[in-house]
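J.: I am attaching a structure below and will ask some questions about it afterwards.
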Amino acid sequence: MNTAWTSLMTRASSPDLAGNTGIGPYNYVPSRDVGIAFVTLFGISTFFHIVQAVRFRMWWLFPTAVFCGVFELVGWSARLYSSGHPRALIPFEIQISATITGPTPLIAANFVILEYVIKTLGPRYSRLSPKMYTILFCSSDAISLTIQGVGGAVAAIAAGNGKNPTTGGTIMLAGIIMQMVAITLFVIFSSEFLLRYAYDQPLKPPADDMERHQAIAYKLGIDPRMKISLYAMGFTTDLLLTARAIYRTVELTDGWNGRIISTQLYFNVLDGGMVALAISTLNVFHPGFLILPIQRRFYPLDATPSYGKA
């Protein structure tokens with residue numbers, strides 16, 4: 001049994017006492033005020049995502065943005081409980097699993113949005129078909145989520161049984177790295193599409209009346225709402241969620257008793273803060289407001305691709 005694990009179990013070994021201000025398995029006492037703030041933020045965002053999903057009939061938001069909100073609510077509720085019971089091991093285990101997996105469904109939401117951006121602006125500028133983006137990237141996201149979930153469960157069970165959680169941490173790290181690879185490829189493919197569109201360098205000529213219509217619309221310039229949607233997608237995926245994934249990778253690499261995992265400020269800002277800002281950005285710059293009206297220029301109302309079918 002290594003020194004880091006011995007230290008972790010020593011911190012968690014004392015009986016749980018309400019209001020205990022001693023050091024527990026976190027190696028710090030989670031802030032009550034920060035816990036309340038994030039539970040409130042994620043609760044409000046999740047509520048509005050449910051309303052928006054129903055309002056615009058975008059059913060794919062339930063297994064993506066809504067699931068993210070639910071996971072984060074569970075994780076931060078556990079951390080809020082830990083603020084008064086810092087030595088309790090069960091809430092520590094819950095927040096490990098919930099916060100490590102929570103952002104993964106939100107990343108999938110941006111994968112789906114890209115499919116509809118490509119359908120609207122013109123598939124002939126894309127190296128892959130619009131549907132293929134959703135299939136490939138959401139599949140990799142689902143695998144990453146599974147790996148992270150398994151790793152979180154293994155680490156939590158090991159911690160609960162007084163064993164070394166390093167194996168679970170390694171599994172989680174593998175899932176996070178896979179997620180980072182998927183995000184990197186997503187950025188590369190989406191950037192190529194946008195550059196080709198910006199400089200009007202299609203990979204193939206218009207294949208049908210729809211693409212000819214899109215070619216004519218290109219000359220009129222990109223709709224400002226589409227620009228806003230693209231900026232929001234880049235902000236959430238390329239900046240916020242990528243920064244969070246990098247932080248988690250470094251955290252898990254540093255070890256269970258490392259300085260990074262033992263510094264509350266890093267977690268609050270680089271995990272909670274990044275995810276809260278990303279999920280709230282999707283509320284404000286919602287595809288139902290920004291992309292759906294543009295799609296109706298190219299599709300009759302009875303033939304508009306339903307977001308629920310993505």
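Just remember, in the structure tokens the first chain shown is A, the second B, etc., residues are 1-based per chain, and ligands are 1-based in the order shown.
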I'd like the contact shell of Phe235 of chain A - 12 Å cut-off, only C-alpha atoms, skipping same-chain residues fewer than 2 positions apart - returned as a short mmCIF file (atom, residue, chain, number, x, y, z; two decimals) with N, CA and C atoms, in the first residue's frame.
T.:
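Resulting contents of part-v4.cif:
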```cif
data_model
loop_
_atom_site.label_atom_id
_atom_site.label_comp_id
_atom_site.auth_asym_id
_atom_site.auth_seq_id
_atom_site.Cartn_x
_atom_site.Cartn_y
_atom_site.Cartn_z
N ILE A 107 -20.48 17.62 -23.84
CA ILE A 107 -19.64 17.66 -25.03
C ILE A 107 -20.38 17.05 -26.22
N ASN A 110 -22.56 19.42 -28.27
CA ASN A 110 -21.89 20.21 -29.31
C ASN A 110 -21.62 19.38 -30.56
N VAL A 187 -12.32 19.51 -33.04
CA VAL A 187 -11.86 20.87 -33.36
C VAL A 187 -11.20 20.90 -34.73
N ILE A 228 -23.13 33.62 -34.09
CA ILE A 228 -23.21 33.58 -32.63
C ILE A 228 -23.18 32.14 -32.14
N SER A 229 -23.93 31.27 -32.82
CA SER A 229 -23.96 29.85 -32.44
C SER A 229 -22.58 29.22 -32.55
N LEU A 230 -21.84 29.55 -33.61
CA LEU A 230 -20.49 29.00 -33.80
C LEU A 230 -19.53 29.52 -32.74
N TYR A 231 -19.63 30.81 -32.42
CA TYR A 231 -18.78 31.37 -31.37
C TYR A 231 -19.07 30.69 -30.02
N ALA A 232 -20.35 30.47 -29.74
CA ALA A 232 -20.73 29.83 -28.48
C ALA A 232 -20.22 28.40 -28.42
N MET A 233 -20.33 27.68 -29.54
CA MET A 233 -19.85 26.30 -29.59
C MET A 233 -18.34 26.25 -29.39
N THR A 237 -16.69 24.33 -26.14
CA THR A 237 -15.90 23.11 -26.40
C THR A 237 -14.40 23.39 -26.45
N ASP A 238 -14.00 24.37 -27.29
CA ASP A 238 -12.57 24.61 -27.50
C ASP A 238 -11.89 25.22 -26.29
N LEU A 239 -12.64 25.99 -25.50
CA LEU A 239 -12.01 26.68 -24.37
C LEU A 239 -12.40 26.05 -23.04
N LEU A 240 -13.67 26.11 -22.68
CA LEU A 240 -14.09 25.72 -21.33
C LEU A 240 -13.92 24.23 -21.07
N LEU A 241 -14.51 23.39 -21.91
CA LEU A 241 -14.48 21.95 -21.66
C LEU A 241 -13.10 21.35 -21.94
N THR A 242 -12.36 21.96 -22.86
CA THR A 242 -10.99 21.51 -23.08
C THR A 242 -10.12 21.84 -21.87
N ALA A 243 -10.28 23.04 -21.33
CA ALA A 243 -9.52 23.43 -20.14
C ALA A 243 -9.85 22.51 -18.98
N MET A 274 -15.78 25.85 -15.01
CA MET A 274 -15.79 25.63 -16.46
C MET A 274 -17.08 24.96 -16.92
N VAL A 275 -17.53 23.95 -16.19
CA VAL A 275 -18.74 23.22 -16.59
C VAL A 275 -19.98 24.08 -16.41
N LEU A 277 -20.21 27.33 -16.53
CA LEU A 277 -20.24 28.35 -17.58
C LEU A 277 -20.60 27.75 -18.93
N ALA A 278 -20.11 26.53 -19.20
CA ALA A 278 -20.40 25.88 -20.47
C ALA A 278 -21.88 25.52 -20.60
N ILE A 279 -22.46 24.93 -19.56
CA ILE A 279 -23.86 24.51 -19.64
C ILE A 279 -24.79 25.72 -19.66
N SER A 280 -24.40 26.81 -18.99
CA SER A 280 -25.21 28.03 -18.99
C SER A 280 -25.11 28.74 -20.34
N THR A 281 -23.95 28.68 -20.97
CA THR A 281 -23.78 29.27 -22.29
C THR A 281 -24.73 28.63 -23.30
N LEU A 282 -24.91 27.32 -23.18
CA LEU A 282 -25.83 26.62 -24.08
C LEU A 282 -27.28 27.05 -23.83
N PHE A 285 -27.25 30.81 -25.52
CA PHE A 285 -27.06 30.76 -26.97
C PHE A 285 -27.56 29.41 -27.48
#
```
J.: Compile a residue-level contact table for segment 211-281 of chain A against segment 20-35 of chain A at a cut-off of 10 Å, reporting for every qualifying residue the shortest atom pair and its distance in Å to one decimal, with only C-alpha atoms counted, rows ordered by chain and ascending number, as a Markdown table.
T.:
```
| residue | atom | partner | partner_atom | distance |
| --- | --- | --- | --- | --- |
| A:Trp256 | CA | A:Tyr26 | CA | 9.2 |
| A:Asn257 | CA | A:Asn27 | CA | 8.0 |
| A:Gly258 | CA | A:Asn27 | CA | 9.8 |
| A:Arg259 | CA | A:Asn27 | CA | 9.6 |
| A:Ile261 | CA | A:Tyr26 | CA | 7.8 |
| A:Ser262 | CA | A:Asn27 | CA | 5.4 |
| A:Thr263 | CA | A:Tyr28 | CA | 7.5 |
| A:Gln264 | CA | A:Tyr28 | CA | 7.0 |
| A:Leu265 | CA | A:Ser31 | CA | 9.8 |
| A:Asn268 | CA | A:Val34 | CA | 7.7 |
| A:Gly272 | CA | A:Val34 | CA | 9.5 |
```
J.: Write out as an MDAnalysis selection string the residues lying within 9 Å of Ile246 of chain A, counting only C-alpha atoms and excluding same-chain residues fewer than 5 positions away.
T.: chainID A and resid 176:177 180 241 251
J.: Segment 117-189 of chain A: which residues are alpha helix (DSSP H) by DSSP, as a short mmCIF file (atom, residue, chain, number, x, y, z; two decimals) with all heavy atoms, in the first residue's frame?
T.:
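Result file follows (result00.cif):
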```cif
data_model
loop_
_atom_site.label_atom_id
_atom_site.label_comp_id
_atom_site.auth_asym_id
_atom_site.auth_seq_id
_atom_site.Cartn_x
_atom_site.Cartn_y
_atom_site.Cartn_z
N VAL A 117 -25.24 22.42 -38.00
CA VAL A 117 -24.54 23.55 -38.61
C VAL A 117 -24.11 23.17 -40.03
O VAL A 117 -24.30 23.94 -40.98
CB VAL A 117 -23.32 23.96 -37.77
CG1 VAL A 117 -22.43 24.94 -38.54
CG2 VAL A 117 -23.77 24.60 -36.46
N ILE A 118 -23.55 21.98 -40.17
CA ILE A 118 -23.08 21.53 -41.48
C ILE A 118 -24.26 21.33 -42.43
O ILE A 118 -24.20 21.71 -43.61
CB ILE A 118 -22.28 20.22 -41.33
CG1 ILE A 118 -20.97 20.50 -40.59
CG2 ILE A 118 -21.97 19.61 -42.70
CD1 ILE A 118 -20.16 19.27 -40.26
N LYS A 119 -25.35 20.77 -41.94
CA LYS A 119 -26.53 20.60 -42.78
C LYS A 119 -27.06 21.93 -43.29
O LYS A 119 -27.54 22.04 -44.42
CB LYS A 119 -27.64 19.88 -42.00
CG LYS A 119 -27.47 18.39 -41.86
CD LYS A 119 -28.64 17.80 -41.10
CE LYS A 119 -28.53 16.29 -40.98
NZ LYS A 119 -29.65 15.71 -40.21
N THR A 120 -26.97 22.95 -42.44
CA THR A 120 -27.52 24.26 -42.78
C THR A 120 -26.60 25.04 -43.72
O THR A 120 -27.06 25.64 -44.70
CB THR A 120 -27.77 25.09 -41.50
OG1 THR A 120 -28.65 24.36 -40.64
CG2 THR A 120 -28.40 26.43 -41.83
N LEU A 121 -25.30 25.03 -43.45
CA LEU A 121 -24.36 25.82 -44.25
C LEU A 121 -23.97 25.11 -45.55
O LEU A 121 -23.66 25.77 -46.54
CB LEU A 121 -23.11 26.14 -43.44
CG LEU A 121 -23.32 27.05 -42.23
CD1 LEU A 121 -21.98 27.32 -41.54
CD2 LEU A 121 -23.99 28.35 -42.61
N PRO A 130 -22.69 15.04 -42.50
CA PRO A 130 -23.16 15.59 -41.23
C PRO A 130 -23.52 14.52 -40.20
O PRO A 130 -23.18 14.64 -39.02
CB PRO A 130 -24.40 16.40 -41.64
CG PRO A 130 -24.14 16.78 -43.06
CD PRO A 130 -23.40 15.61 -43.65
N LYS A 131 -24.20 13.47 -40.65
CA LYS A 131 -24.61 12.42 -39.74
C LYS A 131 -23.41 11.68 -39.17
O LYS A 131 -23.43 11.21 -38.01
CB LYS A 131 -25.54 11.43 -40.45
CG LYS A 131 -26.33 10.54 -39.52
CD LYS A 131 -27.35 11.36 -38.75
CE LYS A 131 -28.21 10.50 -37.85
NZ LYS A 131 -29.15 11.33 -37.05
N MET A 132 -22.35 11.55 -39.98
CA MET A 132 -21.18 10.82 -39.53
C MET A 132 -20.51 11.50 -38.34
O MET A 132 -19.95 10.83 -37.47
CB MET A 132 -20.18 10.67 -40.68
CG MET A 132 -19.03 9.71 -40.38
SD MET A 132 -19.60 8.04 -39.94
CE MET A 132 -20.36 7.52 -41.47
N TYR A 133 -20.58 12.83 -38.28
CA TYR A 133 -20.02 13.53 -37.13
C TYR A 133 -20.69 13.08 -35.84
O TYR A 133 -20.03 12.80 -34.83
CB TYR A 133 -20.17 15.05 -37.29
CG TYR A 133 -19.14 15.67 -38.19
CD1 TYR A 133 -19.44 15.92 -39.53
CD2 TYR A 133 -17.88 16.01 -37.72
CE1 TYR A 133 -18.50 16.49 -40.37
CE2 TYR A 133 -16.93 16.57 -38.56
CZ TYR A 133 -17.25 16.81 -39.89
OH TYR A 133 -16.31 17.36 -40.71
N THR A 134 -22.02 13.05 -35.87
CA THR A 134 -22.75 12.64 -34.68
C THR A 134 -22.45 11.19 -34.33
O THR A 134 -22.22 10.85 -33.16
CB THR A 134 -24.26 12.81 -34.90
OG1 THR A 134 -24.54 14.20 -35.12
CG2 THR A 134 -25.05 12.34 -33.68
N ILE A 135 -22.43 10.31 -35.33
CA ILE A 135 -22.19 8.89 -35.08
C ILE A 135 -20.81 8.66 -34.49
O ILE A 135 -20.65 8.00 -33.45
CB ILE A 135 -22.36 8.08 -36.38
CG1 ILE A 135 -23.83 8.11 -36.84
CG2 ILE A 135 -21.89 6.63 -36.18
CD1 ILE A 135 -24.04 7.46 -38.19
N LEU A 136 -19.78 9.23 -35.12
CA LEU A 136 -18.41 8.99 -34.68
C LEU A 136 -18.12 9.62 -33.32
O LEU A 136 -17.64 8.96 -32.39
CB LEU A 136 -17.43 9.51 -35.73
CG LEU A 136 -17.32 8.73 -37.04
CD1 LEU A 136 -16.33 9.40 -37.98
CD2 LEU A 136 -16.90 7.29 -36.78
N PHE A 137 -18.41 10.92 -33.21
CA PHE A 137 -18.02 11.63 -32.01
C PHE A 137 -18.90 11.28 -30.81
O PHE A 137 -18.41 11.19 -29.68
CB PHE A 137 -18.01 13.14 -32.26
CG PHE A 137 -16.87 13.58 -33.12
CD1 PHE A 137 -17.08 14.05 -34.41
CD2 PHE A 137 -15.56 13.52 -32.67
CE1 PHE A 137 -16.03 14.45 -35.21
CE2 PHE A 137 -14.50 13.92 -33.45
CZ PHE A 137 -14.74 14.39 -34.74
N CYS A 138 -20.18 11.08 -31.04
CA CYS A 138 -21.04 10.69 -29.91
C CYS A 138 -20.74 9.26 -29.46
O CYS A 138 -20.84 8.96 -28.26
CB CYS A 138 -22.52 10.83 -30.29
SG CYS A 138 -23.08 12.55 -30.34
N SER A 139 -20.35 8.40 -30.39
CA SER A 139 -19.96 7.03 -30.01
C SER A 139 -18.70 7.07 -29.15
O SER A 139 -18.62 6.40 -28.11
CB SER A 139 -19.71 6.18 -31.26
OG SER A 139 -20.91 6.01 -32.00
N SER A 140 -17.72 7.87 -29.57
CA SER A 140 -16.49 7.98 -28.77
C SER A 140 -16.79 8.61 -27.43
O SER A 140 -16.19 8.24 -26.41
CB SER A 140 -15.43 8.80 -29.52
OG SER A 140 -15.83 10.15 -29.64
N ASP A 141 -17.73 9.57 -27.41
CA ASP A 141 -18.11 10.20 -26.15
C ASP A 141 -18.77 9.21 -25.22
O ASP A 141 -18.53 9.21 -24.01
CB ASP A 141 -19.07 11.37 -26.44
CG ASP A 141 -18.90 12.52 -25.47
OD1 ASP A 141 -17.74 12.89 -25.19
OD2 ASP A 141 -19.90 13.03 -24.97
N ALA A 142 -19.62 8.33 -25.79
CA ALA A 142 -20.29 7.32 -24.96
C ALA A 142 -19.28 6.33 -24.38
O ALA A 142 -19.38 5.93 -23.21
CB ALA A 142 -21.33 6.57 -25.81
N ILE A 143 -18.29 5.94 -25.19
CA ILE A 143 -17.25 5.03 -24.70
C ILE A 143 -16.44 5.71 -23.60
O ILE A 143 -16.14 5.11 -22.57
CB ILE A 143 -16.34 4.59 -25.86
CG1 ILE A 143 -17.14 3.76 -26.88
CG2 ILE A 143 -15.16 3.78 -25.33
CD1 ILE A 143 -16.37 3.46 -28.15
N SER A 144 -16.10 6.98 -23.83
CA SER A 144 -15.35 7.74 -22.82
C SER A 144 -16.14 7.85 -21.52
O SER A 144 -15.59 7.69 -20.42
CB SER A 144 -15.03 9.14 -23.36
OG SER A 144 -14.49 9.97 -22.35
N LEU A 145 -17.44 8.12 -21.64
CA LEU A 145 -18.29 8.22 -20.46
C LEU A 145 -18.32 6.90 -19.70
O LEU A 145 -18.23 6.88 -18.46
CB LEU A 145 -19.72 8.61 -20.88
CG LEU A 145 -20.77 8.66 -19.77
CD1 LEU A 145 -20.42 9.73 -18.74
CD2 LEU A 145 -22.15 8.92 -20.36
N THR A 146 -18.42 5.79 -20.44
CA THR A 146 -18.44 4.47 -19.81
C THR A 146 -17.14 4.20 -19.06
O THR A 146 -17.15 3.73 -17.92
CB THR A 146 -18.68 3.38 -20.87
OG1 THR A 146 -19.92 3.63 -21.54
CG2 THR A 146 -18.73 2.00 -20.21
N ILE A 147 -16.02 4.50 -19.72
CA ILE A 147 -14.72 4.27 -19.09
C ILE A 147 -14.58 5.12 -17.82
O ILE A 147 -14.15 4.61 -16.77
CB ILE A 147 -13.58 4.59 -20.07
CG1 ILE A 147 -13.59 3.60 -21.24
CG2 ILE A 147 -12.22 4.55 -19.37
CD1 ILE A 147 -12.61 3.95 -22.35
N GLN A 148 -14.96 6.39 -17.91
CA GLN A 148 -14.85 7.26 -16.73
C GLN A 148 -15.78 6.80 -15.62
O GLN A 148 -15.42 6.82 -14.44
CB GLN A 148 -15.20 8.70 -17.13
CG GLN A 148 -14.19 9.34 -18.05
CD GLN A 148 -14.63 10.72 -18.50
OE1 GLN A 148 -14.83 11.62 -17.68
NE2 GLN A 148 -14.79 10.91 -19.79
N GLY A 149 -16.99 6.36 -16.01
CA GLY A 149 -17.94 5.88 -15.01
C GLY A 149 -17.44 4.62 -14.30
O GLY A 149 -17.55 4.50 -13.08
N VAL A 150 -16.87 3.71 -15.09
CA VAL A 150 -16.32 2.48 -14.51
C VAL A 150 -15.16 2.82 -13.59
O VAL A 150 -15.04 2.30 -12.47
CB VAL A 150 -15.86 1.51 -15.62
CG1 VAL A 150 -15.05 0.36 -15.03
CG2 VAL A 150 -17.06 0.96 -16.37
N GLY A 151 -14.29 3.72 -14.05
CA GLY A 151 -13.15 4.12 -13.22
C GLY A 151 -13.59 4.78 -11.93
O GLY A 151 -13.05 4.49 -10.85
N GLY A 152 -14.60 5.65 -12.02
CA GLY A 152 -15.11 6.30 -10.82
C GLY A 152 -15.71 5.30 -9.85
O GLY A 152 -15.51 5.39 -8.63
N ALA A 153 -16.44 4.31 -10.40
CA ALA A 153 -17.05 3.29 -9.54
C ALA A 153 -15.98 2.43 -8.87
O ALA A 153 -16.07 2.12 -7.68
CB ALA A 153 -17.99 2.42 -10.37
N VAL A 154 -14.96 2.04 -9.65
CA VAL A 154 -13.88 1.22 -9.11
C VAL A 154 -13.15 1.98 -7.99
O VAL A 154 -12.87 1.42 -6.92
CB VAL A 154 -12.88 0.82 -10.22
CG1 VAL A 154 -11.63 0.19 -9.62
CG2 VAL A 154 -13.55 -0.14 -11.19
N ALA A 155 -12.87 3.26 -8.22
CA ALA A 155 -12.18 4.06 -7.21
C ALA A 155 -13.05 4.23 -5.96
O ALA A 155 -12.56 4.13 -4.83
CB ALA A 155 -11.82 5.43 -7.78
N ALA A 156 -14.35 4.47 -6.17
CA ALA A 156 -15.25 4.67 -5.03
C ALA A 156 -15.40 3.40 -4.21
O ALA A 156 -15.38 3.42 -2.97
CB ALA A 156 -16.62 5.15 -5.52
N ILE A 157 -15.54 2.26 -4.89
CA ILE A 157 -15.69 0.98 -4.18
C ILE A 157 -14.41 0.65 -3.41
O ILE A 157 -14.46 0.20 -2.25
CB ILE A 157 -16.02 -0.15 -5.18
CG1 ILE A 157 -17.44 0.06 -5.75
CG2 ILE A 157 -15.92 -1.51 -4.51
CD1 ILE A 157 -17.78 -0.88 -6.88
N ALA A 158 -13.27 0.91 -4.06
CA ALA A 158 -12.00 0.64 -3.38
C ALA A 158 -11.86 1.51 -2.14
O ALA A 158 -11.46 1.03 -1.07
CB ALA A 158 -10.84 0.90 -4.35
N ALA A 159 -12.22 2.79 -2.28
CA ALA A 159 -12.12 3.69 -1.13
C ALA A 159 -13.04 3.24 -0.01
O ALA A 159 -12.69 3.27 1.17
CB ALA A 159 -12.45 5.13 -1.56
N GLY A 160 -14.26 2.81 -0.38
CA GLY A 160 -15.22 2.36 0.62
C GLY A 160 -14.79 1.10 1.34
O GLY A 160 -15.16 0.89 2.50
N THR A 166 -6.11 3.63 -6.77
CA THR A 166 -5.26 4.04 -7.88
C THR A 166 -5.70 3.41 -9.20
O THR A 166 -5.68 4.05 -10.25
CB THR A 166 -3.79 3.67 -7.60
OG1 THR A 166 -3.37 4.34 -6.40
CG2 THR A 166 -2.90 4.10 -8.75
N THR A 167 -6.12 2.14 -9.17
CA THR A 167 -6.58 1.48 -10.39
C THR A 167 -7.77 2.21 -10.99
O THR A 167 -7.82 2.45 -12.20
CB THR A 167 -6.96 0.01 -10.10
OG1 THR A 167 -5.82 -0.69 -9.60
CG2 THR A 167 -7.45 -0.67 -11.37
N GLY A 168 -8.73 2.58 -10.15
CA GLY A 168 -9.88 3.34 -10.63
C GLY A 168 -9.47 4.68 -11.20
O GLY A 168 -10.00 5.12 -12.23
N GLY A 169 -8.51 5.33 -10.55
CA GLY A 169 -8.02 6.61 -11.05
C GLY A 169 -7.36 6.47 -12.41
O GLY A 169 -7.51 7.33 -13.28
N THR A 170 -6.64 5.38 -12.61
CA THR A 170 -5.99 5.13 -13.90
C THR A 170 -7.03 4.93 -14.99
O THR A 170 -6.88 5.42 -16.12
CB THR A 170 -5.07 3.90 -13.81
OG1 THR A 170 -4.09 4.12 -12.78
CG2 THR A 170 -4.37 3.66 -15.13
N ILE A 171 -8.10 4.20 -14.66
CA ILE A 171 -9.18 3.98 -15.63
C ILE A 171 -9.85 5.30 -15.98
O ILE A 171 -10.12 5.59 -17.16
CB ILE A 171 -10.21 2.98 -15.07
CG1 ILE A 171 -9.57 1.60 -14.86
CG2 ILE A 171 -11.41 2.85 -16.01
CD1 ILE A 171 -10.46 0.60 -14.15
N MET A 172 -10.12 6.12 -14.96
CA MET A 172 -10.71 7.44 -15.22
C MET A 172 -9.80 8.28 -16.11
O MET A 172 -10.26 8.98 -17.01
CB MET A 172 -10.97 8.17 -13.90
CG MET A 172 -12.15 7.64 -13.11
SD MET A 172 -12.61 8.73 -11.73
CE MET A 172 -11.25 8.47 -10.61
N LEU A 173 -8.51 8.23 -15.85
CA LEU A 173 -7.55 8.98 -16.64
C LEU A 173 -7.60 8.56 -18.10
O LEU A 173 -7.56 9.41 -19.00
CB LEU A 173 -6.14 8.79 -16.07
CG LEU A 173 -5.00 9.51 -16.80
CD1 LEU A 173 -5.23 11.02 -16.80
CD2 LEU A 173 -3.66 9.18 -16.15
N ALA A 174 -7.72 7.25 -18.34
CA ALA A 174 -7.82 6.76 -19.72
C ALA A 174 -9.06 7.33 -20.40
O ALA A 174 -9.02 7.71 -21.58
CB ALA A 174 -7.85 5.23 -19.72
N GLY A 175 -10.18 7.38 -19.67
CA GLY A 175 -11.41 7.94 -20.24
C GLY A 175 -11.28 9.42 -20.55
O GLY A 175 -11.75 9.90 -21.59
N ILE A 176 -10.62 10.17 -19.65
CA ILE A 176 -10.41 11.60 -19.87
C ILE A 176 -9.52 11.83 -21.08
O ILE A 176 -9.77 12.72 -21.91
CB ILE A 176 -9.79 12.25 -18.62
CG1 ILE A 176 -10.81 12.31 -17.48
CG2 ILE A 176 -9.28 13.64 -18.93
CD1 ILE A 176 -11.89 13.33 -17.66
N ILE A 177 -8.44 11.04 -21.20
CA ILE A 177 -7.54 11.19 -22.34
C ILE A 177 -8.27 10.89 -23.65
O ILE A 177 -8.10 11.61 -24.65
CB ILE A 177 -6.31 10.28 -22.17
CG1 ILE A 177 -5.44 10.78 -21.02
CG2 ILE A 177 -5.49 10.21 -23.47
CD1 ILE A 177 -4.28 9.87 -20.68
N MET A 178 -9.10 9.86 -23.64
CA MET A 178 -9.88 9.55 -24.83
C MET A 178 -10.81 10.71 -25.18
O MET A 178 -10.99 11.05 -26.36
CB MET A 178 -10.70 8.28 -24.60
CG MET A 178 -11.53 7.87 -25.80
SD MET A 178 -12.43 6.33 -25.54
CE MET A 178 -13.28 6.20 -27.12
N GLN A 179 -11.38 11.33 -24.17
CA GLN A 179 -12.25 12.48 -24.38
C GLN A 179 -11.47 13.64 -25.00
O GLN A 179 -11.97 14.31 -25.91
CB GLN A 179 -12.85 12.90 -23.04
CG GLN A 179 -13.88 14.01 -23.12
CD GLN A 179 -14.42 14.34 -21.75
OE1 GLN A 179 -13.86 15.16 -21.03
NE2 GLN A 179 -15.50 13.68 -21.35
N MET A 180 -10.26 13.87 -24.51
CA MET A 180 -9.43 14.94 -25.06
C MET A 180 -9.07 14.67 -26.52
O MET A 180 -9.05 15.60 -27.34
CB MET A 180 -8.16 15.11 -24.23
CG MET A 180 -8.38 15.74 -22.88
SD MET A 180 -6.81 16.05 -22.02
CE MET A 180 -6.04 17.22 -23.13
N VAL A 181 -8.81 13.42 -26.86
CA VAL A 181 -8.51 13.07 -28.25
C VAL A 181 -9.72 13.35 -29.13
O VAL A 181 -9.60 13.92 -30.23
CB VAL A 181 -8.09 11.59 -28.35
CG1 VAL A 181 -8.01 11.16 -29.82
CG2 VAL A 181 -6.75 11.36 -27.66
N ALA A 182 -10.91 12.98 -28.65
CA ALA A 182 -12.14 13.22 -29.42
C ALA A 182 -12.37 14.72 -29.61
O ALA A 182 -12.75 15.16 -30.71
CB ALA A 182 -13.33 12.58 -28.71
N ILE A 183 -12.16 15.51 -28.55
CA ILE A 183 -12.33 16.96 -28.66
C ILE A 183 -11.35 17.54 -29.67
O ILE A 183 -11.70 18.40 -30.49
CB ILE A 183 -12.16 17.63 -27.29
CG1 ILE A 183 -13.32 17.26 -26.35
CG2 ILE A 183 -12.10 19.15 -27.44
CD1 ILE A 183 -13.15 17.78 -24.93
N THR A 184 -10.10 17.07 -29.62
CA THR A 184 -9.08 17.57 -30.55
C THR A 184 -9.46 17.28 -32.00
O THR A 184 -9.37 18.15 -32.87
CB THR A 184 -7.72 16.93 -30.23
OG1 THR A 184 -7.35 17.24 -28.88
CG2 THR A 184 -6.64 17.45 -31.18
N LEU A 185 -9.91 16.04 -32.27
CA LEU A 185 -10.34 15.69 -33.63
C LEU A 185 -11.56 16.50 -34.04
O LEU A 185 -11.68 16.93 -35.20
CB LEU A 185 -10.64 14.19 -33.70
CG LEU A 185 -9.43 13.26 -33.56
CD1 LEU A 185 -9.87 11.80 -33.52
CD2 LEU A 185 -8.44 13.49 -34.70
N PHE A 186 -12.47 16.70 -33.09
CA PHE A 186 -13.67 17.51 -33.36
C PHE A 186 -13.26 18.93 -33.77
O PHE A 186 -13.79 19.49 -34.74
CB PHE A 186 -14.54 17.55 -32.10
CG PHE A 186 -15.68 18.53 -32.16
CD1 PHE A 186 -16.84 18.22 -32.86
CD2 PHE A 186 -15.60 19.75 -31.51
CE1 PHE A 186 -17.90 19.11 -32.91
CE2 PHE A 186 -16.65 20.65 -31.55
CZ PHE A 186 -17.80 20.33 -32.26
N VAL A 187 -12.32 19.51 -33.04
CA VAL A 187 -11.86 20.87 -33.36
C VAL A 187 -11.20 20.90 -34.73
O VAL A 187 -11.42 21.83 -35.53
CB VAL A 187 -10.87 21.36 -32.27
CG1 VAL A 187 -10.20 22.66 -32.70
CG2 VAL A 187 -11.60 21.57 -30.95
N ILE A 188 -10.40 19.88 -35.06
CA ILE A 188 -9.71 19.83 -36.36
C ILE A 188 -10.72 19.76 -37.50
O ILE A 188 -10.67 20.54 -38.47
CB ILE A 188 -8.75 18.64 -36.41
CG1 ILE A 188 -7.57 18.86 -35.45
CG2 ILE A 188 -8.23 18.43 -37.84
CD1 ILE A 188 -6.67 17.66 -35.30
N PHE A 189 -11.68 18.82 -37.41
CA PHE A 189 -12.64 18.64 -38.49
C PHE A 189 -13.57 19.85 -38.62
O PHE A 189 -13.88 20.30 -39.73
CB PHE A 189 -13.47 17.38 -38.27
CG PHE A 189 -12.77 16.12 -38.70
CD1 PHE A 189 -12.26 15.22 -37.77
CD2 PHE A 189 -12.62 15.81 -40.04
CE1 PHE A 189 -11.62 14.06 -38.16
CE2 PHE A 189 -11.98 14.65 -40.46
CZ PHE A 189 -11.47 13.77 -39.51
#
```
J.: With distances taken over only C-alpha atoms, which of A:Tyr116, A:Asn164, A:Pro103, A:Leu290 is nearest to Ala245 of chain A?
T.: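 Distance minimum relative to Ala245 of chain A lands on A:Pro103.
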J.: With only C-alpha atoms as the counted atoms, please give the residues lying no more than 6 Å from segment 69-75 of chain A, apart from itself and same-chain residues fewer than 6 positions off, as a CSV table (one decimal) with N, CA, C and O atoms, in the first residue's frame.
T.:
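Generated file (around00.csv):
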```
chain,number,residue,atom,x,y,z
A,39,VAL,N,-24.8,24.2,-6.7
A,39,VAL,CA,-26.0,23.5,-6.7
A,39,VAL,C,-27.1,24.3,-7.3
A,39,VAL,O,-28.0,23.9,-8.1
A,42,PHE,N,-26.4,24.9,-11.3
A,42,PHE,CA,-26.7,23.7,-12.1
A,42,PHE,C,-28.2,23.4,-12.0
A,42,PHE,O,-28.8,22.9,-13.0
A,46,THR,N,-30.3,23.3,-15.5
A,46,THR,CA,-30.9,22.0,-15.8
A,46,THR,C,-32.4,22.2,-16.0
A,46,THR,O,-33.0,21.7,-17.0
A,95,GLN,N,-19.2,12.2,-5.3
A,95,GLN,CA,-18.8,13.3,-6.1
A,95,GLN,C,-17.6,12.9,-7.0
A,95,GLN,O,-17.5,13.5,-8.1
A,98,ALA,N,-19.7,11.4,-10.0
A,98,ALA,CA,-20.6,12.3,-10.7
A,98,ALA,C,-19.9,13.4,-11.4
A,98,ALA,O,-20.2,13.8,-12.5
A,99,THR,N,-18.9,14.0,-10.7
A,99,THR,CA,-18.2,15.2,-11.4
A,99,THR,C,-17.2,14.8,-12.5
A,99,THR,O,-16.9,15.6,-13.3
A,102,GLY,N,-19.9,13.9,-15.4
A,102,GLY,CA,-20.9,14.9,-15.7
A,102,GLY,C,-20.7,15.7,-17.0
A,102,GLY,O,-21.6,15.8,-17.8
```
